[in-house]
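Note sheet for the following structure.
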Amino acid sequence: TASLALRAVESTQWWAAHQHIMSSSSRKRRLVSPQQPDEKRRTDRIVVDVGGTRFTTSASTLTAGSEYFERLLSPRWCAEPPEELFLDRDPEPFAILLTYMRTGLLELSKDNQSMARRVMIEAEFLGMVGLIDSVKAKAIKNTGWEGTEPDAVKCFGSFDAAIRNGILPASFFPPPLPPPRKIVQILPAPPGTRVEIHWRDDGEYSEWFDVLCLVLHDRPVRLKDGNYYFESALDAYIQHEPPEAGPVLASDAYNDQTTAYKIHPPEHGITEIPQGVLEAQYWLDMD
């Protein structure tokens with residue numbers, strides 16, 4: 001009986017000690033809890049007054065798309081984002097930039113390059129690195145630059161310099177498509193004239209065709225083969241497959257996969273090439 005009573009007392013003491021520990025832990029959790037009754041609840045909504053025009057958005061939208069706002073609204077500098085900010089900047093381009101921050105889409109019109117320039121100036125001020133990088137990449141592509149990006153920076157200058165020198169926004173928009181080529185002369189080909197056409201698919205290929213007639217364009221055909229360009233104003237009509245499709249130009253035989261073509265006159269009778277501009281173009285290509 002004494003042994004049972006001793007175990008009961010020990011059990012009671014352990015339970016009381018356990019309850020004391022639990023109670024202390026609960027008090028500690030309540031003391032360090034971030035939700036104090038008198039603490040202001042942090043809000044993400046913010047109004048940005050840009051040159052007198054008010055924009056309502058969220059602080060997270062601004063900080064995700066702009067280094068300027070990321071630093072301005074950083075918890076290191078302000079414990080609570082202000083309900084309203086004022087920027088002495090241009091409100092019209094800011095509206096376009098805010099749409100970009102929300103959607104990732106940049107809508108600029110080639111017909112309003114003044115606005116495009118203002119948008120790019122404001123984007124640089126706000127430190128919108130993602131937008132600036134995409135604009136630079138598109139401009140480099142549109143100018144046909146084939147070197148590295150550091151070399152492009154050396155050539156075109158900084159983003160600000162490109163804007164002030166007129167490279168941007170002009171090169172942000174793709175160049176206008178040239179008008180269709182015109183055929184200015186069609187003449188019979190000497191019998192036995194053939195054309196060798198090169199094209200790329202999953203490899204490099206070439207094929208020979210009989211020439212139906214020779215063609216002179218008003219300006220050279222320009223085809224690309226890797227880092228090289230093929231140019232010639234002299235062309236040829238051939239009979240490609242299927243026959244019912246009719247004759248096609250050698251330069252168009254494989255659409256945009258055509259990389260080059262070379263016209264081979266017969267070994268005999270080379271003087272049968274017609275006199276005049278067409279003959280001059282032929283010898284120019286041979287050189």
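By order of appearance in the structure tokens: chains A, B, ..., then residues from 1 within every chain, and ligands from 1 in the order shown.
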Can you build me a table of region 46-68 of chain A residues sitting at most 12 Å from region 74-79 of chain A, with the closest atom pair per residue and its distance in Å to one decimal, using only C-alpha atoms, sorted by chain and residue number, as a tab-separated table?
```
residue	atom	partner	partner_atom	distance
A:Ala59	CA	A:Ser74	CA	9.9
A:Ser60	CA	A:Ser74	CA	10.6
A:Leu62	CA	A:Ser74	CA	11.2
A:Thr63	CA	A:Ser74	CA	8.4
A:Ala64	CA	A:Ser74	CA	11.4
A:Ser66	CA	A:Ser74	CA	11.8
A:Glu67	CA	A:Ser74	CA	10.2
A:Tyr68	CA	A:Ser74	CA	10.0
```
Q) Could you pull out all residues of region 154-230 of chain A with a DSSP call of alpha helix (DSSP H) and give them as a PyMOL selection string? A) chain A and resi 154-156+159-164
Q.
Using only C-alpha atoms for the distances, tell me which of A:Asp202, A:Leu131, A:Gln185, A:Glu196 is nearest to Leu214 (chain A).
A.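 For Leu214 (chain A), the nearest of the given residues is A:Gln185.
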Q: Go through region 38-275 of chain A and collect every residue that DSSP, computed from the backbone, puts in strand (DSSP E); the answer should be as number ranges by chain.
A: A: 45-50, 53-58, 84-87, 183-188, 194-200, 204-225, 228-239, 247-249, 258-264
Take the residues from that selection and put them in a file with C-alpha atoms, as an mmCIF file, in the first residue's frame.
```
data_model
loop_
_atom_site.group_PDB
_atom_site.id
_atom_site.type_symbol
_atom_site.label_atom_id
_atom_site.label_comp_id
_atom_site.auth_asym_id
_atom_site.auth_seq_id
_atom_site.Cartn_x
_atom_site.Cartn_y
_atom_site.Cartn_z
ATOM 1 C CA ARG A 45 -2.268 48.022 -51.854
ATOM 2 C CA ILE A 46 -0.587 51.272 -52.834
ATOM 3 C CA VAL A 47 -1.422 54.401 -54.832
ATOM 4 C CA VAL A 48 1.296 55.909 -57.037
ATOM 5 C CA ASP A 49 0.761 59.512 -58.074
ATOM 6 C CA VAL A 50 2.801 60.024 -61.249
ATOM 7 C CA THR A 53 -2.206 60.916 -62.385
ATOM 8 C CA ARG A 54 -3.017 58.330 -59.716
ATOM 9 C CA PHE A 55 -2.403 54.628 -60.289
ATOM 10 C CA THR A 56 -3.687 52.012 -57.841
ATOM 11 C CA THR A 57 -1.658 48.819 -57.772
ATOM 12 C CA SER A 58 0.171 46.553 -55.327
ATOM 13 C CA GLU A 84 0.603 56.745 -51.479
ATOM 14 C CA LEU A 85 3.766 57.686 -53.379
ATOM 15 C CA PHE A 86 4.431 60.672 -55.591
ATOM 16 C CA LEU A 87 6.750 60.548 -58.607
ATOM 17 C CA ILE A 183 11.515 40.168 -113.293
ATOM 18 C CA VAL A 184 12.909 42.583 -115.850
ATOM 19 C CA GLN A 185 14.102 40.083 -118.468
ATOM 20 C CA ILE A 186 13.288 36.489 -119.475
ATOM 21 C CA LEU A 187 15.292 34.797 -122.219
ATOM 22 C CA PRO A 188 15.626 31.207 -123.481
ATOM 23 C CA ARG A 194 21.431 23.234 -115.877
ATOM 24 C CA VAL A 195 21.199 24.707 -112.380
ATOM 25 C CA GLU A 196 22.604 23.246 -109.158
ATOM 26 C CA ILE A 197 20.426 24.109 -106.154
ATOM 27 C CA HIS A 198 21.609 23.772 -102.538
ATOM 28 C CA TRP A 199 19.274 23.598 -99.563
ATOM 29 C CA ARG A 200 19.262 22.683 -95.894
ATOM 30 C CA GLU A 204 23.018 19.847 -96.554
ATOM 31 C CA TYR A 205 21.682 18.730 -99.939
ATOM 32 C CA SER A 206 21.997 19.665 -103.597
ATOM 33 C CA GLU A 207 20.084 18.724 -106.722
ATOM 34 C CA TRP A 208 20.434 19.438 -110.441
ATOM 35 C CA PHE A 209 17.648 20.613 -112.749
ATOM 36 C CA ASP A 210 17.321 21.451 -116.434
ATOM 37 C CA VAL A 211 16.848 25.169 -116.998
ATOM 38 C CA LEU A 212 13.755 26.197 -118.946
ATOM 39 C CA CYS A 213 14.765 29.846 -119.303
ATOM 40 C CA LEU A 214 17.001 32.455 -117.704
ATOM 41 C CA VAL A 215 15.604 35.261 -115.563
ATOM 42 C CA LEU A 216 16.991 38.640 -114.516
ATOM 43 C CA HIS A 217 15.546 40.313 -111.393
ATOM 44 C CA ASP A 218 15.493 44.052 -110.747
ATOM 45 C CA ARG A 219 17.607 43.434 -107.641
ATOM 46 C CA PRO A 220 19.653 40.462 -106.366
ATOM 47 C CA VAL A 221 18.123 37.439 -104.703
ATOM 48 C CA ARG A 222 19.644 37.155 -101.207
ATOM 49 C CA LEU A 223 19.827 33.721 -99.584
ATOM 50 C CA LYS A 224 21.474 32.805 -96.283
ATOM 51 C CA ASP A 225 23.670 29.773 -95.694
ATOM 52 C CA TYR A 228 27.251 33.411 -95.333
ATOM 53 C CA TYR A 229 24.987 35.092 -97.865
ATOM 54 C CA PHE A 230 24.440 34.212 -101.507
ATOM 55 C CA GLU A 231 23.387 37.047 -103.819
ATOM 56 C CA SER A 232 22.591 37.080 -107.523
ATOM 57 C CA ALA A 233 20.181 38.926 -109.793
ATOM 58 C CA LEU A 234 20.420 36.048 -112.277
ATOM 59 C CA ASP A 235 17.859 33.278 -111.753
ATOM 60 C CA ALA A 236 16.307 30.450 -113.720
ATOM 61 C CA TYR A 237 12.950 28.822 -114.204
ATOM 62 C CA ILE A 238 12.978 25.056 -113.686
ATOM 63 C CA GLN A 239 10.410 22.277 -113.669
ATOM 64 C CA PRO A 247 7.724 26.081 -113.440
ATOM 65 C CA VAL A 248 9.335 27.629 -110.350
ATOM 66 C CA LEU A 249 12.339 29.866 -109.852
ATOM 67 C CA THR A 258 17.196 27.204 -100.342
ATOM 68 C CA THR A 259 20.701 28.413 -99.508
ATOM 69 C CA ALA A 260 22.332 28.883 -102.934
ATOM 70 C CA TYR A 261 22.109 27.986 -106.613
ATOM 71 C CA LYS A 262 24.560 28.000 -109.488
ATOM 72 C CA ILE A 263 23.705 28.064 -113.170
ATOM 73 C CA HIS A 264 25.881 25.815 -115.374
#
```
Q. Rounded to one decimal in Å, what is the spacing between CA of Gly65 (chain A) and CA of Cys155 (chain A)?
A.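 Taking CA of Gly65 (chain A) as the start and CA of Cys155 (chain A) as the end point, the length is 27.9 Å.
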Q) Which of these, A:Pro81, A:Gly166, A:Gly104, A:Gly192, has the shortest distance to Arg117 (chain A) once you count only C-alpha atoms? A)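 Checking each candidate against Arg117 (chain A), we get A:Gly166 as the closest.
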Q) Could you name the residues that touch Met120 (chain A) at 9 Å or less, counting only C-alpha atoms, but leaving out those on the same chain fewer than 2 positions away, as a ChimeraX atom specification? A) /A:93,115-118,122-125,131-132,135,159-160,163,168-169
Next, the residues of the selection above should be written as a short mmCIF file (atom, residue, chain, number, x, y, z; two decimals), in the first residue's frame with all heavy atoms.
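The file below, result31.cif, is the result:
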```
data_model
loop_
_atom_site.label_atom_id
_atom_site.label_comp_id
_atom_site.auth_asym_id
_atom_site.auth_seq_id
_atom_site.Cartn_x
_atom_site.Cartn_y
_atom_site.Cartn_z
N PRO A 93 3.78 57.18 -70.30
CA PRO A 93 4.60 55.97 -70.41
C PRO A 93 4.54 55.09 -69.16
O PRO A 93 4.68 53.87 -69.26
CB PRO A 93 6.01 56.51 -70.65
CG PRO A 93 5.99 57.93 -70.22
CD PRO A 93 4.60 58.40 -70.44
N MET A 115 6.38 58.08 -78.28
CA MET A 115 5.93 57.42 -77.05
C MET A 115 6.85 56.26 -76.70
O MET A 115 7.18 56.03 -75.53
CB MET A 115 4.49 56.92 -77.22
CG MET A 115 3.98 56.10 -76.04
SD MET A 115 4.03 57.00 -74.47
CE MET A 115 2.68 58.16 -74.73
N ALA A 116 7.29 55.51 -77.69
CA ALA A 116 8.20 54.39 -77.44
C ALA A 116 9.48 54.88 -76.79
O ALA A 116 10.02 54.26 -75.87
CB ALA A 116 8.50 53.65 -78.75
N ARG A 117 9.99 56.02 -77.25
CA ARG A 117 11.20 56.59 -76.67
C ARG A 117 10.96 57.00 -75.22
O ARG A 117 11.80 56.75 -74.33
CB ARG A 117 11.64 57.81 -77.49
CG ARG A 117 12.96 58.43 -77.01
CD ARG A 117 13.36 59.59 -77.90
NE ARG A 117 13.58 59.16 -79.28
CZ ARG A 117 12.74 59.40 -80.29
NH1 ARG A 117 11.62 60.06 -80.08
NH2 ARG A 117 13.00 58.97 -81.50
N ARG A 118 9.82 57.61 -74.95
CA ARG A 118 9.50 58.03 -73.57
C ARG A 118 9.35 56.82 -72.65
O ARG A 118 9.78 56.85 -71.49
CB ARG A 118 8.21 58.85 -73.58
CG ARG A 118 8.37 60.23 -74.21
CD ARG A 118 7.04 60.79 -74.68
NE ARG A 118 6.11 61.00 -73.56
CZ ARG A 118 4.81 61.25 -73.74
NH1 ARG A 118 4.31 61.33 -74.97
NH2 ARG A 118 4.03 61.43 -72.69
N GLU A 122 11.70 56.11 -69.28
CA GLU A 122 11.14 55.86 -67.95
C GLU A 122 11.52 54.48 -67.44
O GLU A 122 11.73 54.28 -66.24
CB GLU A 122 9.61 56.01 -67.99
CG GLU A 122 9.12 57.41 -68.28
CD GLU A 122 9.64 58.43 -67.28
OE1 GLU A 122 9.58 58.17 -66.07
OE2 GLU A 122 10.13 59.49 -67.72
N ALA A 123 11.61 53.50 -68.34
CA ALA A 123 12.01 52.14 -67.94
C ALA A 123 13.42 52.14 -67.37
O ALA A 123 13.72 51.46 -66.38
CB ALA A 123 11.92 51.19 -69.12
N GLU A 124 14.30 52.93 -67.97
CA GLU A 124 15.67 53.02 -67.44
C GLU A 124 15.68 53.71 -66.08
O GLU A 124 16.39 53.28 -65.17
CB GLU A 124 16.57 53.77 -68.42
CG GLU A 124 18.03 53.77 -67.98
CD GLU A 124 18.93 54.47 -68.96
OE1 GLU A 124 18.47 55.45 -69.57
OE2 GLU A 124 20.08 54.06 -69.11
N PHE A 125 14.89 54.76 -65.93
CA PHE A 125 14.82 55.46 -64.65
C PHE A 125 14.32 54.52 -63.54
O PHE A 125 14.84 54.54 -62.42
CB PHE A 125 13.88 56.67 -64.75
CG PHE A 125 13.61 57.33 -63.42
CD1 PHE A 125 14.52 58.22 -62.87
CD2 PHE A 125 12.44 57.05 -62.71
CE1 PHE A 125 14.27 58.82 -61.63
CE2 PHE A 125 12.18 57.65 -61.48
CZ PHE A 125 13.10 58.53 -60.94
N LEU A 131 12.66 44.32 -68.80
CA LEU A 131 12.19 45.00 -70.00
C LEU A 131 13.37 45.50 -70.84
O LEU A 131 13.38 45.33 -72.06
CB LEU A 131 11.28 46.17 -69.62
CG LEU A 131 10.64 46.97 -70.76
CD1 LEU A 131 9.27 47.47 -70.38
CD2 LEU A 131 11.52 48.16 -71.16
N ILE A 132 14.35 46.09 -70.20
CA ILE A 132 15.51 46.62 -70.92
C ILE A 132 16.25 45.50 -71.65
O ILE A 132 16.64 45.64 -72.80
CB ILE A 132 16.44 47.36 -69.94
CG1 ILE A 132 15.78 48.65 -69.46
CG2 ILE A 132 17.78 47.67 -70.60
CD1 ILE A 132 16.52 49.36 -68.35
N VAL A 135 14.25 44.47 -74.72
CA VAL A 135 14.33 45.50 -75.77
C VAL A 135 15.69 45.40 -76.48
O VAL A 135 15.76 45.44 -77.72
CB VAL A 135 14.13 46.91 -75.18
CG1 VAL A 135 14.53 47.99 -76.18
CG2 VAL A 135 12.67 47.10 -74.76
N PHE A 159 22.37 51.58 -73.05
CA PHE A 159 20.95 51.71 -73.35
C PHE A 159 20.58 53.19 -73.49
O PHE A 159 19.88 53.59 -74.43
CB PHE A 159 20.13 51.04 -72.24
CG PHE A 159 18.67 50.92 -72.54
CD1 PHE A 159 18.22 49.99 -73.46
CD2 PHE A 159 17.73 51.72 -71.89
CE1 PHE A 159 16.86 49.87 -73.76
CE2 PHE A 159 16.38 51.60 -72.17
CZ PHE A 159 15.95 50.67 -73.10
N ASP A 160 21.08 54.00 -72.58
CA ASP A 160 20.80 55.44 -72.63
C ASP A 160 21.39 56.07 -73.89
O ASP A 160 20.75 56.88 -74.56
CB ASP A 160 21.37 56.11 -71.38
CG ASP A 160 21.19 57.62 -71.39
OD1 ASP A 160 20.04 58.08 -71.25
OD2 ASP A 160 22.18 58.35 -71.57
N ILE A 163 19.34 55.28 -76.96
CA ILE A 163 18.12 56.11 -77.04
C ILE A 163 18.47 57.49 -77.57
O ILE A 163 17.82 58.02 -78.48
CB ILE A 163 17.44 56.20 -75.67
CG1 ILE A 163 16.91 54.82 -75.23
CG2 ILE A 163 16.28 57.19 -75.71
CD1 ILE A 163 16.40 54.80 -73.81
N LEU A 168 17.66 53.44 -80.65
CA LEU A 168 16.38 53.05 -80.06
C LEU A 168 15.49 54.28 -80.01
O LEU A 168 15.97 55.39 -79.80
CB LEU A 168 16.59 52.48 -78.65
CG LEU A 168 17.26 51.13 -78.54
CD1 LEU A 168 17.55 50.79 -77.09
CD2 LEU A 168 16.38 50.04 -79.16
N PRO A 169 14.19 54.12 -80.23
CA PRO A 169 13.48 52.84 -80.42
C PRO A 169 13.44 52.32 -81.85
O PRO A 169 12.79 51.30 -82.10
CB PRO A 169 12.08 53.19 -79.94
CG PRO A 169 11.90 54.61 -80.33
CD PRO A 169 13.24 55.26 -80.14
#
```
**Q.** Point-to-point distance from CA of Pro190 (chain A) to CA of Asp252 (chain A), Å rounded to tenths
**A.** 21.6 Å
Q. Using only C-alpha atoms, which of A:Gly246, A:Thr193, A:Phe173, A:Leu72 sits nearest Asn112 (chain A)?
A.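 Ranking A:Gly246, A:Thr193, A:Phe173, A:Leu72 by distance to Asn112 (chain A), first place goes to A:Phe173.
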(Q) Using only C-alpha atoms, which protein or nucleic acid residues come within 7 Å of Ala139 (chain A)? Drop anything in the same chain fewer than 4 positions from it, and give the result as a ChimeraX atom specification. (A) /A:135,143,171-172
Q: May I ask for the distance between CA of Asn255 (chain A) and CA of Ile140 (chain A), given in Å to one decimal place?
A: 25.6 Å
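Proximity ranking of A:Glu241, A:Trp145, A:Ser158, A:Val119 relative to Thr99 (chain A) places A:Val119 first, based on only C-alpha atoms.
Checking A:Gly144, A:Gly226, A:Pro180, A:Gly51 one by one against Gln257 (chain A), counting only C-alpha atoms, you find the shortest gap at A:Gly226.
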